[in-house]
Amino acid sequence: MLDSLAGRSVVVTGGTGALGEVVVERLLRAGAICHVPTRRSAAPLAQPERLRSVAGVDLADEIAVDRFYDTVPRLWASVHLAGGFTMAPIADATRADFLRMMELNALTVFLCSRAAARAMRATGAGGRIVNVSARPGLDPRHGARMVAYAASKAAVAALTLALAEELKGERILVNAIAPSTLDTAANRAAMPAADPFRWVTPAAAAEAVLQLVSPANVEVSGAVLPLYARA
């Protein structure tokens, strides 16, 4: 299982974030070759073995996304972790807030999924797509004071199910994870009174991603897996 991804190309958007770094590290340990697009103007001078960081990729720009995926040899999996968050009561939320959430969370997933599907079809070997929704996207009652965010993550869940149905005959499996609050340094700083023991660890989320992108997964598609707080 650990070497089932040996030599396979996997794209990870948001690969430099708190969750993304853990997912990339886990995929590297499983033998994958990770391709990480970033918006930074310059890529790191030195990169770990089997990690390719590509700078200057705007994931909301369809031309930039298509060009990036065209550079990935024999794409096996595409994991879409890039996104954003905003929180405000509905009276204070703005049009810009709503459109920004849709762009960061839903549009980027749409464009990357489209490019990934094209690349996987070109190989004829099938593939795996994994998106990231969130608990408020599955149960909007947990999205109070974050309506724009909840709506964008619900769109990700719907996109996942629709795309899984479209690609089910091509050995391209499409799934998503839907975590509740992640135990990250940023979330601990933002919510100092909360109990982080009840949050989802990035390591647990990374393991779920690994299972879904594995070639050993030959049946699970069209699933949006809840990863909720620990009891």
# chains A, B, ... in the order shown; residues from 1 in each chain; ligands from 1

$ select_by_dssp --residues "range 21-162 of chain A" --states "alpha helix (DSSP H)" --output "ChimeraX atom specification"
/A:21-29,62-70,95-101,108-123,135-138,147-162

$ write_last_selection --atoms "C-alpha atoms" --output "compact mmCIF listing (two decimals), in the first residue's frame"
# COMPACT_ATOMS: atom_id res chain seq x y z
CA GLU A 21 2.11 20.41 3.33
CA VAL A 22 0.97 17.36 5.29
CA VAL A 23 -0.77 15.86 2.27
CA VAL A 24 2.28 16.41 0.06
CA GLU A 25 4.58 14.85 2.66
CA ARG A 26 2.30 11.82 2.94
CA LEU A 27 2.10 11.38 -0.82
CA LEU A 28 5.88 11.65 -1.13
CA ARG A 29 6.27 8.93 1.47
CA GLU A 62 -8.46 28.85 -16.95
CA ILE A 63 -5.59 29.42 -19.39
CA ALA A 64 -2.98 29.28 -16.61
CA VAL A 65 -4.56 26.13 -15.16
CA ASP A 66 -4.66 24.36 -18.53
CA ARG A 67 -1.04 25.29 -19.24
CA PHE A 68 0.07 23.97 -15.87
CA TYR A 69 -1.67 20.61 -16.31
CA ASP A 70 -0.18 20.31 -19.80
CA ARG A 95 -21.22 40.73 -2.91
CA ALA A 96 -17.44 40.73 -3.07
CA ASP A 97 -17.27 38.26 -0.17
CA PHE A 98 -19.65 35.88 -1.91
CA LEU A 99 -17.92 36.06 -5.29
CA ARG A 100 -14.50 35.66 -3.67
CA MET A 101 -15.57 32.46 -1.90
CA THR A 108 -10.63 26.69 -8.76
CA VAL A 109 -11.98 23.17 -8.19
CA PHE A 110 -13.99 23.33 -11.41
CA LEU A 111 -11.05 24.49 -13.53
CA CYS A 112 -8.56 22.05 -12.01
CA SER A 113 -11.01 19.14 -12.25
CA ARG A 114 -11.67 19.96 -15.89
CA ALA A 115 -7.96 20.11 -16.72
CA ALA A 116 -7.26 16.94 -14.72
CA ALA A 117 -10.02 15.00 -16.49
CA ARG A 118 -8.60 16.03 -19.87
CA ALA A 119 -5.09 14.98 -18.85
CA MET A 120 -6.25 11.63 -17.46
CA ARG A 121 -8.28 10.88 -20.58
CA ALA A 122 -5.14 11.48 -22.64
CA THR A 123 -3.25 8.75 -20.75
CA ARG A 135 -18.88 20.38 7.06
CA PRO A 136 -20.87 23.59 6.43
CA GLY A 137 -21.07 22.55 2.78
CA LEU A 138 -22.81 19.30 3.72
CA VAL A 147 -23.10 31.82 4.42
CA ALA A 148 -20.81 32.62 1.49
CA TYR A 149 -18.27 30.01 2.58
CA ALA A 150 -20.95 27.36 3.16
CA ALA A 151 -22.47 28.00 -0.27
CA SER A 152 -19.10 27.69 -2.00
CA LYS A 153 -18.29 24.42 -0.25
CA ALA A 154 -21.76 23.07 -1.07
CA ALA A 155 -20.93 23.83 -4.70
CA VAL A 156 -17.75 21.75 -4.37
CA ALA A 157 -19.78 18.81 -3.04
CA ALA A 158 -22.27 19.08 -5.92
CA LEU A 159 -19.47 19.36 -8.49
CA THR A 160 -17.85 16.23 -7.05
CA LEU A 161 -21.02 14.14 -7.37
CA ALA A 162 -21.84 15.40 -10.87

$ select_by_dssp --residues "range 13-90 of chain A" --states "strand (DSSP E)" --output "PDB file with N, CA, C and O atoms, in the first residue's frame"
ATOM      1  N   THR A  13      -3.046  21.101  -5.355  1.00  0.00           N
ATOM      2  CA  THR A  13      -3.217  22.545  -5.237  1.00  0.00           C
ATOM      3  C   THR A  13      -3.304  22.895  -3.751  1.00  0.00           C
ATOM      4  O   THR A  13      -3.732  22.077  -2.937  1.00  0.00           O
ATOM      5  N   ILE A  33       5.101  11.398  -7.231  1.00  0.00           N
ATOM      6  CA  ILE A  33       5.789  12.593  -7.696  1.00  0.00           C
ATOM      7  C   ILE A  33       4.771  13.728  -7.595  1.00  0.00           C
ATOM      8  O   ILE A  33       3.746  13.706  -8.286  1.00  0.00           O
ATOM      9  N   CYS A  34       5.022  14.690  -6.729  1.00  0.00           N
ATOM     10  CA  CYS A  34       4.037  15.741  -6.450  1.00  0.00           C
ATOM     11  C   CYS A  34       4.336  17.005  -7.241  1.00  0.00           C
ATOM     12  O   CYS A  34       5.466  17.502  -7.244  1.00  0.00           O
ATOM     13  N   HIS A  35       3.302  17.526  -7.883  1.00  0.00           N
ATOM     14  CA  HIS A  35       3.391  18.755  -8.663  1.00  0.00           C
ATOM     15  C   HIS A  35       2.515  19.785  -7.957  1.00  0.00           C
ATOM     16  O   HIS A  35       1.290  19.611  -7.872  1.00  0.00           O
ATOM     17  N   VAL A  36       3.133  20.855  -7.452  1.00  0.00           N
ATOM     18  CA  VAL A  36       2.434  21.831  -6.613  1.00  0.00           C
ATOM     19  C   VAL A  36       2.444  23.200  -7.284  1.00  0.00           C
ATOM     20  O   VAL A  36       3.490  23.862  -7.336  1.00  0.00           O
ATOM     21  N   PRO A  37       1.305  23.660  -7.809  1.00  0.00           N
ATOM     22  CA  PRO A  37       1.249  25.013  -8.376  1.00  0.00           C
ATOM     23  C   PRO A  37       1.123  26.043  -7.263  1.00  0.00           C
ATOM     24  O   PRO A  37       0.408  25.826  -6.280  1.00  0.00           O
ATOM     25  N   LEU A  51       9.426  16.350  -5.678  1.00  0.00           N
ATOM     26  CA  LEU A  51       8.513  17.471  -5.466  1.00  0.00           C
ATOM     27  C   LEU A  51       8.840  18.561  -6.482  1.00  0.00           C
ATOM     28  O   LEU A  51       9.956  19.065  -6.533  1.00  0.00           O
ATOM     29  N   ARG A  52       7.842  18.921  -7.287  1.00  0.00           N
ATOM     30  CA  ARG A  52       8.006  19.948  -8.317  1.00  0.00           C
ATOM     31  C   ARG A  52       7.062  21.092  -8.001  1.00  0.00           C
ATOM     32  O   ARG A  52       5.844  20.952  -8.060  1.00  0.00           O
ATOM     33  N   SER A  53       7.621  22.238  -7.644  1.00  0.00           N
ATOM     34  CA  SER A  53       6.832  23.425  -7.344  1.00  0.00           C
ATOM     35  C   SER A  53       6.858  24.354  -8.554  1.00  0.00           C
ATOM     36  O   SER A  53       7.929  24.681  -9.067  1.00  0.00           O
ATOM     37  N   VAL A  54       5.675  24.738  -9.011  1.00  0.00           N
ATOM     38  CA  VAL A  54       5.566  25.577 -10.203  1.00  0.00           C
ATOM     39  C   VAL A  54       4.980  26.922  -9.799  1.00  0.00           C
ATOM     40  O   VAL A  54       3.840  27.013  -9.331  1.00  0.00           O
ATOM     41  N   LEU A  75      -0.493  12.262 -15.781  1.00  0.00           N
ATOM     42  CA  LEU A  75      -1.179  12.571 -14.533  1.00  0.00           C
ATOM     43  C   LEU A  75      -1.996  11.382 -14.041  1.00  0.00           C
ATOM     44  O   LEU A  75      -2.798  10.818 -14.778  1.00  0.00           O
ATOM     45  N   TRP A  76      -1.788  11.041 -12.770  1.00  0.00           N
ATOM     46  CA  TRP A  76      -2.572   9.976 -12.142  1.00  0.00           C
ATOM     47  C   TRP A  76      -3.672  10.546 -11.240  1.00  0.00           C
ATOM     48  O   TRP A  76      -4.807  10.083 -11.265  1.00  0.00           O
ATOM     49  N   ALA A  77      -3.320  11.544 -10.426  1.00  0.00           N
ATOM     50  CA  ALA A  77      -4.300  12.065  -9.469  1.00  0.00           C
ATOM     51  C   ALA A  77      -4.167  13.571  -9.340  1.00  0.00           C
ATOM     52  O   ALA A  77      -3.090  14.140  -9.533  1.00  0.00           O
ATOM     53  N   SER A  78      -5.286  14.210  -8.995  1.00  0.00           N
ATOM     54  CA  SER A  78      -5.294  15.648  -8.772  1.00  0.00           C
ATOM     55  C   SER A  78      -6.075  15.918  -7.492  1.00  0.00           C
ATOM     56  O   SER A  78      -7.253  15.549  -7.377  1.00  0.00           O
ATOM     57  N   VAL A  79      -5.404  16.543  -6.525  1.00  0.00           N
ATOM     58  CA  VAL A  79      -5.971  16.799  -5.202  1.00  0.00           C
ATOM     59  C   VAL A  79      -6.121  18.310  -5.051  1.00  0.00           C
ATOM     60  O   VAL A  79      -5.138  19.047  -5.146  1.00  0.00           O
ATOM     61  N   HIS A  80      -7.320  18.766  -4.781  1.00  0.00           N
ATOM     62  CA  HIS A  80      -7.622  20.197  -4.809  1.00  0.00           C
ATOM     63  C   HIS A  80      -7.882  20.727  -3.408  1.00  0.00           C
ATOM     64  O   HIS A  80      -8.997  20.664  -2.899  1.00  0.00           O
TER      65      HIS A  80
END

$ residues_around --residues "Val213 in chain A" --least-positions-apart "6" --cutoff "8 Å" --atoms "only C-alpha atoms" --output "ChimeraX atom specification"
/A:77,127-130

$ closest_residue --among "A:Leu210, A:Leu163, A:Val224, A:Phe85" --to "Ala32 in chain A" --atoms "only C-alpha atoms"
A:Leu210

$ closest_residue --among "A:Val10, A:Leu19, A:Ala176, A:Ala88" --to "Ala203 in chain A" --atoms "only C-alpha atoms"
A:Leu19

$ closest_residue --among "A:Thr184, A:Ser221, A:Ser214, A:Thr201" --to "Ala6 in chain A" --atoms "only C-alpha atoms"
A:Ser214

$ closest_residue --among "A:Arg74, A:His142, A:Arg171, A:Arg188" --to "Ser9 in chain A" --atoms "only C-alpha atoms"
A:Arg74
